[in-house]
>>> print(open('data31.csv').read())   # CSV, C-alpha atoms and all ligand atoms
chain,number,residue,atom,x,y,z
H,27,MET,CA,-6.1,-18.2,-22.5
H,28,VAL,CA,-2.9,-17.3,-24.3
H,29,ALA,CA,0.5,-18.4,-22.9
H,30,LYS,CA,2.8,-15.5,-22.0
H,31,ARG,CA,6.1,-14.9,-20.2
H,32,CYS,CA,5.7,-15.0,-16.4
H,33,ALA,CA,7.2,-11.8,-15.0
H,34,LEU,CA,8.9,-13.7,-12.1
H,35,CYS,CA,10.2,-17.1,-13.4
H,36,GLY,CA,10.4,-16.1,-17.1
H,37,GLN,CA,8.8,-19.3,-18.4
H,38,THR,CA,6.1,-19.1,-21.0
H,39,LYS,CA,3.0,-20.4,-19.4
H,40,GLU,CA,-0.6,-19.5,-18.9
H,41,LEU,CA,-0.7,-16.5,-16.7
H,42,GLU,CA,-3.2,-15.8,-13.9
H,43,LEU,CA,-4.9,-12.5,-13.3
H,44,SER,CA,-3.0,-11.2,-10.2
H,45,HIS,CA,-3.8,-8.5,-7.8
H,46,ILE,CA,-1.1,-5.9,-7.0
H,47,VAL,CA,-2.3,-5.4,-3.4
H,48,PRO,CA,-2.9,-8.9,-2.0
H,49,LYS,CA,-6.4,-10.3,-2.4
H,50,PHE,CA,-7.1,-10.8,1.3
H,51,VAL,CA,-6.7,-7.0,1.9
H,52,ILE,CA,-9.2,-6.2,-0.9
H,53,ARG,CA,-11.6,-8.8,0.5
H,54,TYR,CA,-11.3,-7.4,4.0
H,55,LEU,CA,-11.9,-3.9,2.8
H,56,LYS,CA,-15.0,-5.0,0.9
H,57,LYS,CA,-16.3,-7.0,3.9
H,58,THR,CA,-16.0,-4.0,6.2
H,59,SER,CA,-17.4,-1.5,3.7
H,60,LEU,CA,-21.0,-0.3,3.5
H,61,GLY,CA,-21.1,-0.4,-0.2
H,62,ALA,CA,-18.8,-1.4,-3.1
H,63,ILE,CA,-15.3,0.0,-3.3
H,64,ARG,CA,-14.9,2.9,-5.6
H,65,ASN,CA,-12.0,3.3,-8.0
H,66,LYS,CA,-9.6,6.2,-7.5
H,67,GLU,CA,-9.7,7.4,-11.1
H,68,ASN,CA,-13.4,7.3,-11.5
H,69,LEU,CA,-15.2,7.6,-8.2
H,70,ASN,CA,-18.6,7.0,-9.7
H,71,LYS,CA,-17.6,3.7,-11.1
H,72,VAL,CA,-17.7,0.8,-8.8
H,73,VAL,CA,-14.7,-1.4,-8.9
H,74,GLN,CA,-15.1,-4.9,-7.4
H,75,ASP,CA,-11.6,-6.3,-7.3
H,76,GLY,CA,-8.9,-3.8,-7.1
H,77,GLU,CA,-6.2,-3.6,-9.7
H,78,LYS,CA,-5.4,-6.8,-11.6
H,79,HIS,CA,-2.9,-7.7,-14.2
H,80,TYR,CA,-1.7,-10.9,-16.1
H,81,LEU,CA,1.6,-11.1,-14.4
H,82,LEU,CA,2.4,-14.5,-12.9
H,83,CYS,CA,2.1,-18.2,-13.8
H,84,GLY,CA,0.2,-20.5,-11.4
H,85,ASP,CA,3.4,-21.8,-9.8
H,86,CYS,CA,4.7,-18.3,-8.9
H,87,GLU,CA,1.2,-17.3,-7.7
H,88,ASP,CA,1.3,-20.3,-5.4
H,89,LEU,CA,4.7,-19.5,-4.1
H,90,PHE,CA,3.7,-15.9,-3.2
H,91,SER,CA,0.4,-17.0,-1.7
H,92,ILE,CA,2.2,-19.0,1.0
H,93,TYR,CA,3.7,-15.8,2.3
H,94,GLU,CA,0.5,-13.8,1.8
H,95,THR,CA,-1.4,-16.3,4.0
H,96,LYS,CA,1.3,-16.1,6.7
H,97,PHE,CA,1.2,-12.3,6.7
H,98,ALA,CA,-2.6,-12.2,6.7
H,99,ASN,CA,-2.8,-14.5,9.8
H,100,LYS,CA,0.1,-13.3,11.8
H,101,PHE,CA,0.0,-9.6,11.1
H,102,PHE,CA,-2.9,-8.2,9.1
H,103,TYR,CA,-6.0,-9.8,10.9
H,104,PRO,CA,-4.5,-9.5,14.4
H,105,TYR,CA,-3.8,-5.8,13.8
H,106,MET,CA,-7.2,-5.1,12.2
H,107,LYS,CA,-9.5,-7.2,14.3
H,108,ASP,CA,-7.8,-7.8,17.6
H,109,ASP,CA,-5.9,-4.6,18.1
H,110,VAL,CA,-2.5,-6.4,18.4
H,111,LYS,CA,0.3,-3.8,18.3
H,112,GLU,CA,3.4,-5.9,18.7
H,113,PHE,CA,4.7,-8.5,16.3
H,114,ASN,CA,7.6,-10.9,16.3
H,115,TYR,CA,8.6,-11.6,12.8
H,116,ASP,CA,11.0,-13.8,10.8
H,117,SER,CA,12.4,-13.6,7.3
H,118,ASP,CA,9.0,-14.6,5.8
H,119,LEU,CA,7.7,-11.1,6.5
H,120,TYR,CA,10.6,-9.7,4.5
H,121,TYR,CA,9.8,-12.0,1.7
H,122,PHE,CA,6.2,-11.0,1.7
H,123,LEU,CA,6.9,-7.3,1.7
H,124,THR,CA,9.5,-7.7,-1.1
H,125,SER,CA,7.0,-9.6,-3.2
H,126,VAL,CA,4.3,-6.9,-2.8
H,127,SER,CA,6.7,-4.1,-3.8
H,128,TRP,CA,8.3,-6.1,-6.6
H,129,ARG,CA,4.9,-6.6,-8.3
H,130,SER,CA,4.2,-2.9,-8.2
H,131,LEU,CA,7.7,-1.9,-9.2
H,132,TYR,CA,7.7,-4.3,-12.2
H,133,LEU,CA,4.6,-2.7,-13.6
H,134,ASP,CA,5.7,0.8,-12.8
H,135,ILE,CA,9.0,0.3,-14.6
H,136,LEU,CA,7.1,-0.7,-17.8
H,137,ASP,CA,5.1,2.4,-17.3
H,138,PHE,CA,8.1,4.7,-16.6
H,139,VAL,CA,9.9,3.4,-19.7
H,140,GLU,CA,6.9,3.9,-21.9
H,141,HIS,CA,6.1,7.4,-20.7
H,142,SER,CA,9.6,8.5,-19.6
H,143,GLU,CA,9.2,12.0,-20.9
H,144,LYS,CA,5.8,12.5,-19.4
H,145,VAL,CA,6.8,11.3,-16.0
H,146,GLY,CA,10.1,13.2,-16.2
H,147,ILE,CA,12.3,10.2,-15.2
H,148,ASP,CA,16.0,10.1,-15.8
H,149,LEU,CA,17.8,7.1,-17.3
H,150,GLN,CA,19.9,6.9,-14.2
H,151,ILE,CA,16.8,6.4,-12.0
H,152,ILE,CA,15.3,3.9,-14.4
H,153,ASN,CA,18.6,1.9,-14.4
H,154,CYS,CA,18.6,1.9,-10.6
H,155,LEU,CA,15.0,0.7,-10.5
H,156,ILE,CA,15.7,-2.0,-13.1
H,157,GLU,CA,18.8,-3.2,-11.2
H,158,LYS,CA,16.8,-3.4,-7.9
H,159,GLU,CA,13.9,-5.2,-9.7
H,160,ARG,CA,16.3,-7.8,-10.9
H,161,GLY,CA,17.9,-8.3,-7.5
H,162,MET,CA,14.4,-8.6,-5.9
H,163,ARG,CA,13.4,-11.2,-8.5
H,164,GLU,CA,16.4,-13.4,-7.9
H,165,TYR,CA,15.8,-13.3,-4.2
H,166,LEU,CA,12.1,-14.1,-4.7
H,167,LEU,CA,13.0,-17.0,-6.9
H,168,LYS,CA,15.3,-18.1,-4.1
H,169,LYS,CA,18.4,-17.9,-6.3
H,170,GLN,CA,19.9,-15.3,-3.9
H,171,PRO,CA,19.6,-15.3,-0.1
H,172,ASN,CA,19.0,-11.5,0.1
H,173,VAL,CA,18.5,-8.3,-1.9
H,174,LYS,CA,21.3,-5.8,-2.2
H,175,GLY,CA,20.6,-2.1,-1.7
H,176,ILE,CA,16.9,-2.1,-0.7
H,177,GLU,CA,15.1,-1.4,2.6
H,178,ASN,CA,11.7,-2.5,3.7
H,179,HIS,CA,9.8,-0.4,6.2
H,180,ILE,CA,6.3,-0.7,7.7
H,181,LEU,CA,4.4,2.3,9.1
H,182,PHE,CA,1.3,1.6,11.0
H,183,PHE,CA,-1.1,4.5,10.6
H,184,GLU,CA,-2.4,4.6,14.1
H,185,ASP,CA,-5.1,6.9,15.5
H,186,ILE,CA,-4.1,10.5,15.8
H,187,LYS,CA,-5.6,13.2,17.9
H,188,ASN,CA,-4.1,16.3,16.3
H,189,MET,CA,-3.4,17.3,12.7
H,190,SER,CA,-1.9,20.4,11.2
H,191,THR,CA,-4.6,23.0,10.3
H,192,GLU,CA,-4.1,22.6,6.6
H,193,LEU,CA,-4.7,18.8,6.8
H,194,VAL,CA,-7.4,18.6,9.4
H,195,SER,CA,-10.2,18.4,6.8
H,196,THR,CA,-8.5,15.6,4.8
H,197,ARG,CA,-10.1,12.8,6.9
H,198,PRO,CA,-6.8,10.9,7.6
H,199,HIS,CA,-8.3,7.9,9.4
H,200,THR,CA,-10.9,7.3,6.7
H,201,THR,CA,-8.4,7.9,4.0
H,202,PHE,CA,-5.7,5.5,5.2
H,203,HIS,CA,-7.8,2.9,6.9
H,204,ARG,CA,-10.4,2.6,4.2
H,205,SER,CA,-8.3,2.4,1.1
H,206,ILE,CA,-5.6,0.5,-0.7
H,207,THR,CA,-3.0,1.7,-3.2
H,208,SER,CA,0.4,0.8,-4.5
H,209,TYR,CA,2.8,2.8,-6.7
H,210,THR,CA,6.4,3.7,-7.2
H,211,PHE,CA,7.7,7.3,-6.9
H,212,PHE,CA,11.0,9.1,-7.2
H,213,ASN,CA,12.4,12.4,-6.1
H,214,LYS,CA,15.3,13.6,-8.3
H,215,GLU,CA,16.7,16.3,-6.0
H,216,LEU,CA,16.7,14.3,-2.8
H,217,LYS,CA,17.4,11.0,-4.6
H,218,THR,CA,14.9,8.9,-2.9
H,219,TYR,CA,13.1,6.2,-4.9
H,220,ALA,CA,10.6,4.0,-3.4
H,221,THR,CA,7.4,1.9,-3.7
H,222,LEU,CA,4.5,2.8,-1.4
H,223,THR,CA,1.7,0.3,-0.7
H,224,ASN,CA,-1.1,1.1,1.7
H,225,MET,CA,-3.0,-1.9,3.0
H,226,MET,CA,-5.7,-0.2,5.0
H,227,GLY,CA,-3.4,1.6,7.3
H,228,ILE,CA,-0.4,-0.8,7.2
H,229,ILE,CA,1.8,1.2,4.9
H,230,LEU,CA,4.8,-0.4,3.3
H,231,PHE,CA,7.7,1.5,1.9
H,232,THR,CA,10.4,-0.3,-0.1
H,233,LEU,CA,13.4,2.1,-0.6
H,234,TYR,CA,15.5,1.5,-3.7
H,235,ASN,CA,17.6,4.6,-3.1
H,236,LYS,CA,17.6,6.6,0.1
H,237,GLY,CA,18.4,10.3,0.1
H,238,GLU,CA,20.7,11.9,2.7
H,239,LYS,CA,19.6,13.0,6.1
H,240,GLU,CA,16.5,10.7,6.2
H,241,ARG,CA,15.3,9.5,9.6
H,242,TRP,CA,13.4,6.3,9.9
H,243,GLU,CA,12.8,5.0,13.5
H,244,ASN,CA,11.2,1.7,14.5
H,245,THR,CA,9.9,1.1,10.9
H,246,GLU,CA,12.5,-1.2,9.3
H,247,ILE,CA,11.9,-4.9,8.7
H,248,THR,CA,15.2,-6.7,8.2
H,249,ASN,CA,15.7,-10.0,6.4
H,250,GLY,CA,15.7,-12.1,9.6
H,251,VAL,CA,14.0,-12.1,13.0
H,252,GLY,CA,12.9,-9.0,14.8
H,253,LEU,CA,10.2,-7.2,16.6
H,254,ILE,CA,8.0,-4.5,15.1
H,255,LYS,CA,5.6,-2.3,17.1
H,256,ALA,CA,2.8,0.0,16.1
H,257,ALA,CA,4.2,2.7,18.3
H,258,ASN,CA,6.8,5.4,18.4
H,259,GLN,CA,7.4,5.3,14.7
H,260,VAL,CA,9.1,8.3,13.0
H,261,ILE,CA,9.6,9.0,9.4
H,262,GLU,CA,11.5,12.1,8.3
H,263,SER,CA,11.8,11.6,4.6
H,264,ILE,CA,10.3,12.7,1.3
H,265,CYS,CA,8.2,9.5,1.7
H,266,ALA,CA,6.3,11.2,4.5
H,267,ASP,CA,5.4,13.9,2.0
H,268,GLU,CA,3.9,11.2,-0.2
H,269,LEU,CA,1.4,10.5,2.6
H,270,VAL,CA,0.4,14.1,2.7
H,271,LEU,CA,-0.2,14.0,-1.1
H,272,ILE,CA,-2.4,10.9,-0.7
H,273,LEU,CA,-4.5,12.9,1.9
H,274,LYS,CA,-4.8,15.9,-0.4
H,275,ASP,CA,-5.7,13.7,-3.4
H,276,ALA,CA,-8.4,11.9,-1.3
H,277,GLU,CA,-9.9,15.2,-0.3
H,278,GLN,CA,-10.0,16.4,-3.9
H,279,ASP,CA,-11.6,13.1,-4.9
H,280,ALA,CA,-14.2,13.3,-2.3
H,281,THR,CA,-15.5,16.5,-3.9
H,282,LYS,CA,-15.9,14.6,-7.2
H,283,ILE,CA,-18.4,12.0,-5.9
H,284,SER,CA,-21.5,12.5,-7.9
H,285,GLU,CA,-24.7,13.5,-6.3
H,286,LYS,CA,-26.3,10.3,-7.3
H,287,GLN,CA,-23.5,8.3,-5.7
H,288,GLN,CA,-23.7,10.4,-2.5
H,289,GLU,CA,-27.5,9.8,-2.4
H,290,ALA,CA,-27.0,6.0,-2.7
H,291,ILE,CA,-24.6,6.1,0.2
H,292,ASN,CA,-26.9,8.3,2.3
H,293,LYS,CA,-29.8,5.9,1.6
H,294,LYS,CA,-27.7,2.9,2.7
H,295,VAL,CA,-26.9,4.7,6.0
H,296,LYS,CA,-30.5,5.7,6.5
H,297,ASP,CA,-31.9,2.2,5.7
H,298,ARG,CA,-29.5,0.4,8.0
H,299,PRO,CA,-28.4,2.8,10.7
H,300,GLU,CA,-27.5,0.2,13.2
H,301,GLU,CA,-25.2,-1.5,10.8
H,302,PHE,CA,-23.6,1.8,10.0
H,303,ILE,CA,-22.9,2.7,13.7
H,304,LYS,CA,-21.2,-0.6,14.3
H,305,SER,CA,-19.1,-0.3,11.1
H,306,LYS,CA,-15.4,0.4,10.8
H,307,VAL,CA,-16.4,3.3,8.5
H,308,PHE,CA,-18.3,5.0,11.2
H,309,GLU,CA,-15.4,4.5,13.7
H,310,ASP,CA,-13.0,6.2,11.3
H,311,LEU,CA,-15.3,9.0,10.4
H,312,LYS,CA,-15.8,9.7,14.1
H,313,LYS,CA,-12.0,9.9,14.7
H,314,ASP,CA,-11.8,12.3,11.8
H,315,PHE,CA,-14.6,14.5,13.2
H,316,ASP,CA,-12.9,14.6,16.6
H,317,LEU,CA,-9.5,15.7,15.2
H,318,LYS,CA,-8.1,18.8,16.7
H,319,LYS,CA,-6.2,21.4,14.8
H,320,GLY,CA,-2.6,21.7,15.9
H,321,ASP,CA,0.7,20.2,15.4
H,322,THR,CA,0.6,16.8,13.9
H,323,ASP,CA,1.7,14.1,16.2
H,324,LYS,CA,2.8,11.9,13.4
R,1,ZN,ZN,6.2,-18.1,-13.0
>>> encode(input="data31.csv", output="structure tokens")
Amino acid sequence: MVAKRCALCGQTKELELSHIVPKFVIRYLKKTSLGAIRNKENLNKVVQDGEKHYLLCGDCEDLFSIYETKFANKFFYPYMKDDVKEFNYDSDLYYFLTSVSWRSLYLDILDFVEHSEKVGIDLQIINCLIEKERGMREYLLKKQPNVKGIENHILFFEDIKNMSTELVSTRPHTTFHRSITSYTFFNKELKTYATLTNMMGIILFTLYNKGEKERWENTEITNGVGLIKAANQVIESICADELVLILKDAEQDATKISEKQQEAINKKVKDRPEEFIKSKVFEDLKKDFDLKKGDTDK
């Protein structure tokens, strides 16, 4: 292995292959899936491990993994397995969320700079993102006690009963509960820049710039102690539109699954029907089939 510069501590060391979305989420998605996970870009290609990059040295990986383990045990598994809807948190949650968004932001900045014309990003936005990335890095390295000018929010994608007519066919439960993604986006007109990370229905937004007239209720995680509930959450922001885009993309992607792939899935269901009926996949599909057309309650 070749020594390279660690994106967090800046030391030249052997880098590890890191996941953007934490490993335990990918592992849990695999464990509760019928088959292998399919990649978003090429649905007919099976991807085993989610997105990975040489980003961090062993020491920085170890530092992050302390907070990942805490999040997995205190929030992720209780929510996924035991239906826990209320969580007391301390500043370790803020650290974990910041570390997830930072990883994504770091790579997205490289991408934005390289393809600035193609993605249509302004220098002013890039500068804002670079400044926030630096602030987050210093906080993650524990050189600063907090990060100036960012907000972390969690939205729990709970079961819904109604969906607007245009979106009723997008299978929202299956889409959000059965997938993982992480990316940074920006809206020039409304001046909202953020990283979105979906961890099987626990959706993290880190805002680097917040447009005017946005409404976020019962979603913010502060750098301290607090209580977060998977209930009565409201987002009125361009960030909510991003969720609609994810739904529409997923619907499009579903039409691209090859016949061969579809046959393989059907065969699995036919060969192991009991397993299928007990699966999380089945639960979500059922909720999607039961959706009623009407005003969205989200
Ligand atoms: Zn390092």
>>> atom_distance(input="data31.csv", atom1="atom CA of H:Glu87", atom2="atom CA of H:Ser130")
14.7 Å
>>> closest_residue(input="data31.csv", among="H:Cys265, H:Leu193, H:Ile152, H:Ile147", to="H:Lys214", atoms="all atoms listed in the file")
H:Ile147
>>> closest_residue(input="data31.csv", among="H:Lys144, H:Lys187, H:Lys30, H:Arg129", to="H:Val47", atoms="all atoms listed in the file")
H:Arg129
>>> residues_near_ligand(input="data31.csv", ligand="ligand ZN 1 (chain R)", cutoff="7 Å", atoms="all atoms listed in the file", output="list in words")
Cys32, Ala33, Leu34, Cys35, Gly36, Gln37, Leu82, Cys83, Gly84, Asp85 and Cys86 of chain H
>>> atom_distance(input="data31.csv", atom1="atom CA of H:Val110", atom2="atom CA of H:His203")
15.7 Å
>>> closest_residue(input="data31.csv", among="H:Gln287, H:Asn249, H:Thr124, H:Ser205", to="H:Ile52", atoms="all atoms listed in the file")
H:Ser205
>>> atom_distance(input="data31.csv", atom1="atom CA of H:Thr38", atom2="atom CA of H:Ser127")
22.8 Å
>>> closest_residue(input="data31.csv", among="H:Lys286, H:Pro299, H:Glu184, H:Asn235", to="H:Asp109", atoms="all atoms listed in the file")
H:Glu184
>>> closest_residue(input="data31.csv", among="H:Glu246, H:Thr218, H:Asp279, H:Lys39", to="H:Ser263", atoms="only C-alpha atoms")
H:Thr218
>>> closest_residue(input="data31.csv", among="H:Leu222, H:Ile228, H:Gln278, H:Arg163", to="H:Lys111", atoms="only C-alpha atoms")
H:Ile228
>>> residues_around(input="data31.csv", residues="H:Asp185", least_positions_apart="3", cutoff="10 Å", atoms="all atoms listed in the file", output="number ranges by chain")
H: 182, 188, 198-199, 203, 227, 310, 313-314, 317, 323-324
>>> residues_around(input="data31.csv", residues="H:Lys319", least_positions_apart="4", cutoff="7 Å", atoms="only C-alpha atoms", output="number ranges by chain")
H: 188-191, 194
>>> residues_around(input="data31.csv", residues="H:Trp128", least_positions_apart="2", cutoff="12 Å", atoms="all atoms listed in the file", output="PyMOL selection string")
chain H and resi 33-34+46-47+81+90+120-126+130-135+155-167+173+176+178+208-210+220-223+230-234
>>> residues_around(input="data31.csv", residues="H:Lys49", least_positions_apart="2", cutoff="12 Å", atoms="only C-alpha atoms", output="count of residues only")
25
>>> axis_aligned_box(input="data31.csv", around="stretch 268-273 of chain H", padding_each_side="6 Å", output="AutoDock Vina command-line options")
--center_x -0.3 --center_y 12.3 --center_z 0.8 --size_x 20.4 --size_y 15.6 --size_z 15.8
>>> build_atoms(input="data31.csv", residues="stretch 221-250 of chain H", atoms="N, CA and C atoms", output="short mmCIF file (atom, residue, chain, number, x, y, z; two decimals), in the coordinates of the input")
data_model
loop_
_atom_site.label_atom_id
_atom_site.label_comp_id
_atom_site.auth_asym_id
_atom_site.auth_seq_id
_atom_site.Cartn_x
_atom_site.Cartn_y
_atom_site.Cartn_z
N THR H 221 8.74 2.37 -3.45
CA THR H 221 7.40 1.90 -3.70
C THR H 221 6.60 2.03 -2.42
N LEU H 222 5.42 2.62 -2.51
CA LEU H 222 4.50 2.80 -1.40
C LEU H 222 3.30 1.90 -1.58
N THR H 223 2.94 1.12 -0.56
CA THR H 223 1.70 0.30 -0.70
C THR H 223 0.91 0.50 0.62
N ASN H 224 -0.29 1.00 0.48
CA ASN H 224 -1.10 1.10 1.70
C ASN H 224 -2.14 -0.03 1.71
N MET H 225 -2.06 -0.80 2.80
CA MET H 225 -3.00 -1.90 3.00
C MET H 225 -3.86 -1.55 4.21
N MET H 226 -4.80 -0.65 4.00
CA MET H 226 -5.70 -0.20 5.00
C MET H 226 -5.06 0.26 6.31
N GLY H 227 -4.02 1.05 6.15
CA GLY H 227 -3.40 1.60 7.30
C GLY H 227 -2.04 0.97 7.67
N ILE H 228 -1.78 -0.19 7.10
CA ILE H 228 -0.40 -0.80 7.20
C ILE H 228 0.29 -0.33 5.93
N ILE H 229 1.22 0.61 6.12
CA ILE H 229 1.80 1.20 4.90
C ILE H 229 3.24 0.72 4.75
N LEU H 230 3.47 0.12 3.60
CA LEU H 230 4.80 -0.40 3.30
C LEU H 230 5.56 0.49 2.38
N PHE H 231 6.81 0.76 2.75
CA PHE H 231 7.70 1.50 1.90
C PHE H 231 8.90 0.56 1.56
N THR H 232 9.20 0.39 0.29
CA THR H 232 10.40 -0.30 -0.10
C THR H 232 11.32 0.78 -0.73
N LEU H 233 12.48 1.05 -0.13
CA LEU H 233 13.40 2.10 -0.60
C LEU H 233 14.41 1.45 -1.57
N TYR H 234 14.54 2.02 -2.75
CA TYR H 234 15.50 1.50 -3.70
C TYR H 234 16.75 2.46 -3.71
N ASN H 235 16.54 3.68 -3.31
CA ASN H 235 17.60 4.60 -3.10
C ASN H 235 17.14 5.57 -2.01
N LYS H 236 18.03 5.80 -1.04
CA LYS H 236 17.60 6.60 0.10
C LYS H 236 18.44 7.87 0.13
N GLY H 237 17.75 9.01 0.12
CA GLY H 237 18.40 10.30 0.10
C GLY H 237 19.18 10.51 1.44
N GLU H 238 19.95 11.58 1.47
CA GLU H 238 20.70 11.90 2.70
C GLU H 238 19.78 12.44 3.77
N LYS H 239 20.25 12.37 5.00
CA LYS H 239 19.60 13.00 6.10
C LYS H 239 18.16 12.48 6.36
N GLU H 240 17.86 11.27 5.94
CA GLU H 240 16.50 10.70 6.20
C GLU H 240 16.57 10.06 7.61
N ARG H 241 15.44 10.13 8.29
CA ARG H 241 15.30 9.50 9.60
C ARG H 241 14.16 8.53 9.59
N TRP H 242 14.44 7.28 9.82
CA TRP H 242 13.40 6.30 9.90
C TRP H 242 13.58 5.57 11.26
N GLU H 243 12.63 5.67 12.14
CA GLU H 243 12.80 5.00 13.50
C GLU H 243 11.67 4.01 13.69
N ASN H 244 12.08 2.83 14.11
CA ASN H 244 11.20 1.70 14.50
C ASN H 244 10.23 1.35 13.31
N THR H 245 10.76 1.41 12.11
CA THR H 245 9.90 1.10 10.90
C THR H 245 10.56 -0.07 10.11
N GLU H 246 11.88 -0.27 10.23
CA GLU H 246 12.50 -1.20 9.30
C GLU H 246 12.25 -2.67 9.62
N ILE H 247 12.02 -3.43 8.57
CA ILE H 247 11.90 -4.90 8.70
C ILE H 247 13.12 -5.48 8.02
N THR H 248 13.92 -6.17 8.80
CA THR H 248 15.20 -6.70 8.20
C THR H 248 14.88 -8.16 7.75
N ASN H 249 15.81 -8.67 6.97
CA ASN H 249 15.70 -10.00 6.40
C ASN H 249 16.16 -11.02 7.48
N GLY H 250 15.38 -11.17 8.53
CA GLY H 250 15.70 -12.10 9.60
C GLY H 250 14.68 -12.00 10.68
#
